[in-house]
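Listing of entry.txt, compact mmCIF, N, CA and C atoms
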```
# COMPACT_ATOMS: atom_id res chain seq x y z
N MET R 1 39.53 52.76 19.48
CA MET R 1 38.34 52.12 18.94
C MET R 1 37.72 53.06 17.91
N ASN R 2 37.29 52.51 16.82
CA ASN R 2 36.69 53.27 15.74
C ASN R 2 35.16 53.18 15.85
N LEU R 3 34.50 54.33 16.00
CA LEU R 3 33.04 54.32 16.11
C LEU R 3 32.37 53.73 14.88
N ARG R 4 33.00 53.88 13.73
CA ARG R 4 32.44 53.30 12.50
C ARG R 4 32.32 51.78 12.64
N HIS R 5 33.31 51.17 13.27
CA HIS R 5 33.26 49.72 13.47
C HIS R 5 32.11 49.32 14.38
N LEU R 6 31.82 50.15 15.38
CA LEU R 6 30.65 49.88 16.23
C LEU R 6 29.35 50.00 15.44
N GLU R 7 29.33 50.95 14.51
CA GLU R 7 28.14 51.08 13.64
C GLU R 7 27.98 49.82 12.79
N TYR R 8 29.08 49.30 12.27
CA TYR R 8 29.02 48.05 11.50
C TYR R 8 28.48 46.92 12.36
N LEU R 9 28.95 46.85 13.60
CA LEU R 9 28.48 45.81 14.51
C LEU R 9 26.98 45.91 14.73
N ALA R 10 26.49 47.12 14.94
CA ALA R 10 25.05 47.32 15.12
C ALA R 10 24.28 46.88 13.88
N LEU R 11 24.83 47.15 12.69
CA LEU R 11 24.16 46.74 11.45
C LEU R 11 24.16 45.22 11.28
N ILE R 12 25.24 44.57 11.68
CA ILE R 12 25.28 43.11 11.60
C ILE R 12 24.20 42.53 12.50
N ILE R 13 24.07 43.07 13.70
CA ILE R 13 23.05 42.58 14.62
C ILE R 13 21.65 42.85 14.07
N GLU R 14 21.45 44.03 13.51
CA GLU R 14 20.14 44.39 12.96
C GLU R 14 19.77 43.53 11.76
N HIS R 15 20.73 43.30 10.86
CA HIS R 15 20.44 42.60 9.61
C HIS R 15 20.79 41.12 9.64
N GLY R 16 21.60 40.70 10.62
CA GLY R 16 21.88 39.28 10.79
C GLY R 16 23.06 38.72 10.04
N SER R 17 23.64 39.50 9.12
CA SER R 17 24.78 38.96 8.37
C SER R 17 25.74 40.08 7.99
N PHE R 18 26.97 39.68 7.69
CA PHE R 18 27.97 40.65 7.26
C PHE R 18 27.60 41.24 5.90
N ALA R 19 27.10 40.38 5.00
CA ALA R 19 26.75 40.85 3.66
C ALA R 19 25.63 41.88 3.71
N ALA R 20 24.60 41.62 4.49
CA ALA R 20 23.48 42.57 4.59
C ALA R 20 23.93 43.86 5.27
N ALA R 21 24.82 43.75 6.26
CA ALA R 21 25.34 44.95 6.93
C ALA R 21 26.16 45.79 5.95
N ALA R 22 26.94 45.12 5.11
CA ALA R 22 27.74 45.83 4.11
C ALA R 22 26.84 46.57 3.13
N GLN R 23 25.80 45.91 2.69
CA GLN R 23 24.87 46.55 1.76
C GLN R 23 24.18 47.74 2.42
N ALA R 24 23.77 47.60 3.65
CA ALA R 24 23.07 48.68 4.36
C ALA R 24 23.97 49.88 4.62
N SER R 25 25.27 49.62 4.82
CA SER R 25 26.18 50.72 5.13
C SER R 25 26.87 51.28 3.90
N GLY R 26 26.74 50.60 2.77
CA GLY R 26 27.36 51.09 1.54
C GLY R 26 28.86 50.84 1.46
N VAL R 27 29.34 49.84 2.20
CA VAL R 27 30.75 49.47 2.13
C VAL R 27 30.85 48.01 1.70
N SER R 28 32.07 47.56 1.46
CA SER R 28 32.26 46.17 1.04
C SER R 28 32.18 45.22 2.23
N GLN R 29 31.90 43.96 1.93
CA GLN R 29 31.87 42.96 2.99
C GLN R 29 33.24 42.81 3.65
N PRO R 30 34.35 42.86 2.88
CA PRO R 30 35.66 42.80 3.55
C PRO R 30 35.88 43.97 4.53
N ALA R 31 35.31 45.14 4.25
CA ALA R 31 35.43 46.26 5.18
C ALA R 31 34.72 45.95 6.49
N ILE R 32 33.56 45.32 6.38
CA ILE R 32 32.81 44.92 7.58
C ILE R 32 33.62 43.88 8.37
N THR R 33 34.15 42.89 7.66
CA THR R 33 34.95 41.84 8.30
C THR R 33 36.17 42.44 8.99
N HIS R 34 36.84 43.36 8.32
CA HIS R 34 38.01 44.02 8.91
C HIS R 34 37.62 44.79 10.18
N GLY R 35 36.52 45.51 10.11
CA GLY R 35 36.05 46.25 11.28
C GLY R 35 35.74 45.34 12.45
N MET R 36 35.13 44.20 12.17
CA MET R 36 34.81 43.27 13.26
C MET R 36 36.08 42.66 13.85
N ARG R 37 37.06 42.39 12.99
CA ARG R 37 38.33 41.85 13.49
C ARG R 37 39.01 42.87 14.42
N LYS R 38 39.00 44.15 14.01
CA LYS R 38 39.61 45.20 14.84
C LYS R 38 38.87 45.36 16.16
N LEU R 39 37.54 45.33 16.13
CA LEU R 39 36.77 45.44 17.37
C LEU R 39 37.05 44.26 18.30
N GLN R 40 37.11 43.08 17.73
CA GLN R 40 37.36 41.90 18.55
C GLN R 40 38.75 41.98 19.19
N GLU R 41 39.74 42.50 18.44
CA GLU R 41 41.08 42.70 19.01
C GLU R 41 41.02 43.73 20.14
N HIS R 42 40.26 44.80 19.93
CA HIS R 42 40.16 45.86 20.94
C HIS R 42 39.55 45.34 22.24
N PHE R 43 38.46 44.60 22.14
CA PHE R 43 37.76 44.12 23.32
C PHE R 43 38.31 42.79 23.84
N ASP R 44 39.15 42.14 23.04
CA ASP R 44 39.75 40.86 23.41
C ASP R 44 38.69 39.86 23.88
N ALA R 45 37.60 39.82 23.13
CA ALA R 45 36.50 38.91 23.48
C ALA R 45 35.63 38.70 22.25
N PRO R 46 34.95 37.55 22.17
CA PRO R 46 34.01 37.34 21.06
C PRO R 46 32.88 38.36 21.13
N LEU R 47 32.48 38.87 19.98
CA LEU R 47 31.40 39.87 19.93
C LEU R 47 30.11 39.31 19.35
N LEU R 48 30.25 38.33 18.47
CA LEU R 48 29.09 37.75 17.79
C LEU R 48 29.14 36.24 17.87
N LEU R 49 27.98 35.65 17.95
CA LEU R 49 27.85 34.20 17.91
C LEU R 49 26.94 33.84 16.74
N ARG R 50 27.20 32.69 16.14
CA ARG R 50 26.37 32.22 15.04
C ARG R 50 25.15 31.51 15.64
N SER R 51 23.96 31.91 15.19
CA SER R 51 22.73 31.26 15.61
C SER R 51 21.93 30.95 14.35
N GLY R 52 22.06 29.72 13.88
CA GLY R 52 21.45 29.38 12.60
C GLY R 52 22.17 30.13 11.49
N ARG R 53 21.41 30.91 10.74
CA ARG R 53 22.00 31.68 9.64
C ARG R 53 22.29 33.12 10.03
N ARG R 54 22.03 33.47 11.27
CA ARG R 54 22.21 34.85 11.73
C ARG R 54 23.34 34.95 12.75
N TYR R 55 23.87 36.16 12.85
CA TYR R 55 24.80 36.47 13.93
C TYR R 55 24.03 37.17 15.04
N VAL R 56 24.30 36.78 16.27
CA VAL R 56 23.66 37.41 17.43
C VAL R 56 24.76 37.93 18.35
N PRO R 57 24.46 39.00 19.11
CA PRO R 57 25.49 39.61 19.95
C PRO R 57 25.75 38.81 21.23
N THR R 58 26.98 38.90 21.70
CA THR R 58 27.30 38.37 23.02
C THR R 58 26.86 39.41 24.05
N VAL R 59 26.90 39.07 25.31
CA VAL R 59 26.49 39.99 26.38
C VAL R 59 27.34 41.25 26.36
N LYS R 60 28.64 41.09 26.11
CA LYS R 60 29.55 42.24 26.11
C LYS R 60 29.14 43.28 25.06
N VAL R 61 28.61 42.82 23.95
CA VAL R 61 28.22 43.73 22.88
C VAL R 61 27.07 44.64 23.30
N GLY R 62 26.10 44.09 24.00
CA GLY R 62 24.95 44.90 24.42
C GLY R 62 25.38 46.12 25.22
N VAL R 63 26.34 45.95 26.09
CA VAL R 63 26.85 47.06 26.90
C VAL R 63 27.50 48.11 26.01
N ASN R 64 28.30 47.67 25.03
CA ASN R 64 29.00 48.61 24.16
C ASN R 64 28.07 49.31 23.18
N LEU R 65 27.02 48.64 22.74
CA LEU R 65 26.06 49.30 21.87
C LEU R 65 25.30 50.37 22.64
N ASP R 66 25.03 50.11 23.92
CA ASP R 66 24.41 51.14 24.75
C ASP R 66 25.33 52.34 24.90
N LEU R 67 26.63 52.09 25.06
CA LEU R 67 27.61 53.17 25.16
C LEU R 67 27.65 53.97 23.87
N MET R 68 27.65 53.27 22.72
CA MET R 68 27.66 53.96 21.44
C MET R 68 26.42 54.84 21.29
N ALA R 69 25.27 54.34 21.67
CA ALA R 69 24.03 55.12 21.57
C ALA R 69 24.12 56.35 22.47
N MET R 70 24.69 56.20 23.65
CA MET R 70 24.85 57.34 24.55
C MET R 70 25.79 58.38 23.96
N LEU R 71 26.90 57.93 23.37
CA LEU R 71 27.84 58.86 22.73
C LEU R 71 27.17 59.61 21.59
N GLU R 72 26.43 58.89 20.75
CA GLU R 72 25.77 59.54 19.62
C GLU R 72 24.71 60.53 20.08
N ARG R 73 24.01 60.23 21.17
CA ARG R 73 23.01 61.17 21.69
C ARG R 73 23.67 62.43 22.23
N SER R 74 24.93 62.33 22.68
CA SER R 74 25.62 63.49 23.22
C SER R 74 26.13 64.42 22.12
N ILE R 75 26.19 63.96 20.88
CA ILE R 75 26.63 64.79 19.76
C ILE R 75 25.40 65.47 19.17
N PRO R 76 25.41 66.81 19.07
CA PRO R 76 24.23 67.51 18.56
C PRO R 76 23.72 66.99 17.22
N LEU R 77 24.61 66.57 16.33
CA LEU R 77 24.16 66.02 15.05
C LEU R 77 23.59 64.61 15.19
N GLY R 78 23.82 63.98 16.34
CA GLY R 78 23.25 62.66 16.62
C GLY R 78 23.93 61.50 15.94
N ARG R 79 25.16 61.69 15.48
CA ARG R 79 25.88 60.61 14.81
C ARG R 79 27.37 60.92 14.80
N ALA R 80 28.14 59.90 14.54
CA ALA R 80 29.58 60.09 14.38
C ALA R 80 29.85 60.74 13.03
N GLY R 81 30.91 61.50 12.95
CA GLY R 81 31.29 62.12 11.68
C GLY R 81 31.90 61.10 10.73
N THR R 82 31.99 61.48 9.48
CA THR R 82 32.59 60.61 8.47
C THR R 82 33.96 61.16 8.07
N PRO R 83 34.83 60.31 7.54
CA PRO R 83 36.12 60.81 7.06
C PRO R 83 35.96 61.89 5.99
N GLU R 84 34.93 61.77 5.17
CA GLU R 84 34.70 62.76 4.12
C GLU R 84 34.39 64.13 4.72
N GLU R 85 33.65 64.15 5.82
CA GLU R 85 33.34 65.43 6.46
C GLU R 85 34.60 66.07 7.04
N ALA R 86 35.46 65.27 7.64
CA ALA R 86 36.72 65.80 8.17
C ALA R 86 37.62 66.27 7.04
N ALA R 87 37.61 65.56 5.92
CA ALA R 87 38.42 65.96 4.77
C ALA R 87 37.96 67.31 4.24
N GLY R 88 36.65 67.53 4.23
CA GLY R 88 36.13 68.82 3.78
C GLY R 88 36.62 69.96 4.65
N ALA R 89 36.66 69.73 5.95
CA ALA R 89 37.16 70.76 6.87
C ALA R 89 38.65 70.99 6.64
N ALA R 90 39.42 69.92 6.46
CA ALA R 90 40.86 70.05 6.24
C ALA R 90 41.16 70.76 4.93
N TYR R 91 40.31 70.59 3.95
CA TYR R 91 40.50 71.23 2.65
C TYR R 91 40.57 72.75 2.78
N LEU R 92 39.85 73.29 3.74
CA LEU R 92 39.85 74.74 3.92
C LEU R 92 41.26 75.28 4.14
N PHE R 93 42.14 74.49 4.74
CA PHE R 93 43.51 74.93 4.99
C PHE R 93 44.43 74.70 3.78
N CYS R 94 43.92 74.09 2.73
CA CYS R 94 44.74 73.76 1.56
C CYS R 94 44.53 74.72 0.39
N ILE R 95 43.52 75.55 0.46
CA ILE R 95 43.23 76.43 -0.66
C ILE R 95 44.05 77.72 -0.53
N PRO R 96 44.35 78.37 -1.65
CA PRO R 96 45.18 79.58 -1.61
C PRO R 96 44.62 80.69 -0.71
N GLU R 97 43.31 80.77 -0.60
CA GLU R 97 42.71 81.82 0.22
C GLU R 97 43.05 81.69 1.70
N SER R 98 43.56 80.55 2.12
CA SER R 98 43.89 80.37 3.53
C SER R 98 45.40 80.39 3.78
N ASP R 99 46.17 80.94 2.83
CA ASP R 99 47.63 80.99 2.98
C ASP R 99 48.06 81.70 4.26
N TYR R 100 47.32 82.70 4.68
CA TYR R 100 47.71 83.49 5.85
C TYR R 100 47.39 82.79 7.16
N VAL R 101 46.55 81.77 7.11
CA VAL R 101 46.16 81.04 8.32
C VAL R 101 47.26 80.03 8.65
N SER R 102 47.68 80.03 9.90
CA SER R 102 48.68 79.05 10.33
C SER R 102 48.47 78.69 11.79
N GLY R 103 48.91 77.52 12.16
CA GLY R 103 48.86 77.10 13.55
C GLY R 103 47.47 76.96 14.14
N GLN R 104 46.51 76.58 13.34
CA GLN R 104 45.14 76.45 13.82
C GLN R 104 44.79 74.99 14.10
N THR R 105 43.93 74.80 15.05
CA THR R 105 43.36 73.49 15.33
C THR R 105 41.87 73.58 15.05
N MET R 106 41.39 72.76 14.14
CA MET R 106 39.97 72.75 13.82
C MET R 106 39.34 71.52 14.46
N LEU R 107 38.38 71.75 15.32
CA LEU R 107 37.68 70.64 15.96
C LEU R 107 36.47 70.24 15.12
N CYS R 108 36.41 68.99 14.75
CA CYS R 108 35.28 68.45 13.98
C CYS R 108 34.50 67.55 14.93
N THR R 109 33.53 68.14 15.63
CA THR R 109 32.85 67.41 16.70
C THR R 109 31.34 67.32 16.52
N GLY R 110 30.84 67.71 15.36
CA GLY R 110 29.40 67.64 15.15
C GLY R 110 28.63 68.62 16.02
N GLY R 111 29.29 69.68 16.46
CA GLY R 111 28.63 70.70 17.27
C GLY R 111 28.81 70.51 18.77
N LEU R 112 29.49 69.45 19.18
CA LEU R 112 29.64 69.15 20.60
C LEU R 112 30.35 70.26 21.36
N THR R 113 31.39 70.86 20.75
CA THR R 113 32.14 71.90 21.45
C THR R 113 31.48 73.26 21.36
N GLY R 114 30.48 73.41 20.53
CA GLY R 114 29.81 74.70 20.38
C GLY R 114 28.68 74.91 21.37
N MET R 115 28.48 73.95 22.26
CA MET R 115 27.36 74.04 23.19
C MET R 115 27.73 74.89 24.38
```
Translate the structure of the given file into structure tokens.
Amino acid sequence: MNLRHLEYLALIIEHGSFAAAAQASGVSQPAITHGMRKLQEHFDAPLLLRSGRRYVPTVKVGVNLDLMAMLERSIPLGRAGTPEEAAGAAYLFCIPESDYVSGQTMLCTGGLTGM
């Protein structure tokens, strides 16, 4: 499961539509749609219902949003990391100054392992 997709789900619920969620998150509407399709496959259950012009969560979603909030509270930075942040860390192993470094595992956990 991708935490980013759960963030998209929370934005859809907050803003009521895929388009507004896309605008709020700075991604395209097809990215939001793709994320929702992947989440629905993962949970094998409907996540959103149409209510008038808005999307509203099913009961199953409320439980998972609570789980996401709990996970984010456990990370010292208070949020999931982004691919760009992980790419920045990986870049350190690609520069000539790190030629002597080998066999390392870099944990990108937002400070979780440093506690």
Extract the full set of alpha helix (DSSP H) residues from chain R according to DSSP on the backbone, and format it as a ChimeraX atom specification. /R:3-15,18-25,29-43,59-74,83-91
Using only N, CA and C atoms, the best pick from R:Leu39, R:Leu77, R:Val27, R:Ala22 as closest to R:Asn2 would be R:Leu39
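Closest approach to R:Met36 from the set R:Met70, R:Ala20, R:Val56, R:Leu6 is made by R:Leu6, with distances taken over only N, CA and C atoms.
For the residues R:Met68, R:Ala19, R:Asp44, R:Pro76, ranking by smallest atom-to-atom distance to R:Glu7 using all atoms listed in the file places R:Met68 first.
The coordinates place atom CA of R:Arg73 at 22.5 Å from atom N of R:Ala89.
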Can you list, as a short mmCIF file (atom, residue, chain, number, x, y, z; two decimals) with N, CA and C atoms, in the coordinates of the input, every protein, DNA or RNA residue that comes within 12 Å of R:Leu9 when you count only C-alpha atoms, leaving out same-chain residues fewer than 4 positions away?
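Output contents, as saved in around.cif:
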```
data_model
loop_
_atom_site.label_atom_id
_atom_site.label_comp_id
_atom_site.auth_asym_id
_atom_site.auth_seq_id
_atom_site.Cartn_x
_atom_site.Cartn_y
_atom_site.Cartn_z
N ASN R 2 37.29 52.51 16.82
CA ASN R 2 36.69 53.27 15.74
C ASN R 2 35.16 53.18 15.85
N LEU R 3 34.50 54.33 16.00
CA LEU R 3 33.04 54.32 16.11
C LEU R 3 32.37 53.73 14.88
N ARG R 4 33.00 53.88 13.73
CA ARG R 4 32.44 53.30 12.50
C ARG R 4 32.32 51.78 12.64
N HIS R 5 33.31 51.17 13.27
CA HIS R 5 33.26 49.72 13.47
C HIS R 5 32.11 49.32 14.38
N ILE R 13 24.07 43.07 13.70
CA ILE R 13 23.05 42.58 14.62
C ILE R 13 21.65 42.85 14.07
N GLU R 14 21.45 44.03 13.51
CA GLU R 14 20.14 44.39 12.96
C GLU R 14 19.77 43.53 11.76
N HIS R 15 20.73 43.30 10.86
CA HIS R 15 20.44 42.60 9.61
C HIS R 15 20.79 41.12 9.64
N GLY R 16 21.60 40.70 10.62
CA GLY R 16 21.88 39.28 10.79
C GLY R 16 23.06 38.72 10.04
N SER R 17 23.64 39.50 9.12
CA SER R 17 24.78 38.96 8.37
C SER R 17 25.74 40.08 7.99
N PHE R 18 26.97 39.68 7.69
CA PHE R 18 27.97 40.65 7.26
C PHE R 18 27.60 41.24 5.90
N ALA R 20 24.60 41.62 4.49
CA ALA R 20 23.48 42.57 4.59
C ALA R 20 23.93 43.86 5.27
N ALA R 21 24.82 43.75 6.26
CA ALA R 21 25.34 44.95 6.93
C ALA R 21 26.16 45.79 5.95
N ALA R 22 26.94 45.12 5.11
CA ALA R 22 27.74 45.83 4.11
C ALA R 22 26.84 46.57 3.13
N ALA R 24 23.77 47.60 3.65
CA ALA R 24 23.07 48.68 4.36
C ALA R 24 23.97 49.88 4.62
N SER R 25 25.27 49.62 4.82
CA SER R 25 26.18 50.72 5.13
C SER R 25 26.87 51.28 3.90
N ALA R 31 35.31 45.14 4.25
CA ALA R 31 35.43 46.26 5.18
C ALA R 31 34.72 45.95 6.49
N ILE R 32 33.56 45.32 6.38
CA ILE R 32 32.81 44.92 7.58
C ILE R 32 33.62 43.88 8.37
N THR R 33 34.15 42.89 7.66
CA THR R 33 34.95 41.84 8.30
C THR R 33 36.17 42.44 8.99
N HIS R 34 36.84 43.36 8.32
CA HIS R 34 38.01 44.02 8.91
C HIS R 34 37.62 44.79 10.18
N GLY R 35 36.52 45.51 10.11
CA GLY R 35 36.05 46.25 11.28
C GLY R 35 35.74 45.34 12.45
N MET R 36 35.13 44.20 12.17
CA MET R 36 34.81 43.27 13.26
C MET R 36 36.08 42.66 13.85
N ARG R 37 37.06 42.39 12.99
CA ARG R 37 38.33 41.85 13.49
C ARG R 37 39.01 42.87 14.42
N LYS R 38 39.00 44.15 14.01
CA LYS R 38 39.61 45.20 14.84
C LYS R 38 38.87 45.36 16.16
N LEU R 39 37.54 45.33 16.13
CA LEU R 39 36.77 45.44 17.37
C LEU R 39 37.05 44.26 18.30
N GLN R 40 37.11 43.08 17.73
CA GLN R 40 37.36 41.90 18.55
C GLN R 40 38.75 41.98 19.19
N LEU R 47 32.48 38.87 19.98
CA LEU R 47 31.40 39.87 19.93
C LEU R 47 30.11 39.31 19.35
N LEU R 48 30.25 38.33 18.47
CA LEU R 48 29.09 37.75 17.79
C LEU R 48 29.14 36.24 17.87
N TYR R 55 23.87 36.16 12.85
CA TYR R 55 24.80 36.47 13.93
C TYR R 55 24.03 37.17 15.04
N VAL R 56 24.30 36.78 16.27
CA VAL R 56 23.66 37.41 17.43
C VAL R 56 24.76 37.93 18.35
N PRO R 57 24.46 39.00 19.11
CA PRO R 57 25.49 39.61 19.95
C PRO R 57 25.75 38.81 21.23
N THR R 58 26.98 38.90 21.70
CA THR R 58 27.30 38.37 23.02
C THR R 58 26.86 39.41 24.05
N VAL R 61 28.61 42.82 23.95
CA VAL R 61 28.22 43.73 22.88
C VAL R 61 27.07 44.64 23.30
N GLY R 62 26.10 44.09 24.00
CA GLY R 62 24.95 44.90 24.42
C GLY R 62 25.38 46.12 25.22
N ASN R 64 28.30 47.67 25.03
CA ASN R 64 29.00 48.61 24.16
C ASN R 64 28.07 49.31 23.18
N LEU R 65 27.02 48.64 22.74
CA LEU R 65 26.06 49.30 21.87
C LEU R 65 25.30 50.37 22.64
N MET R 68 27.65 53.27 22.72
CA MET R 68 27.66 53.96 21.44
C MET R 68 26.42 54.84 21.29
#
```
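With only N, CA and C atoms as the atoms that count, the residue of R:Val101, R:Gly110, R:Gly26, R:Pro46 with the shortest distance to R:Ile75 is R:Gly110.
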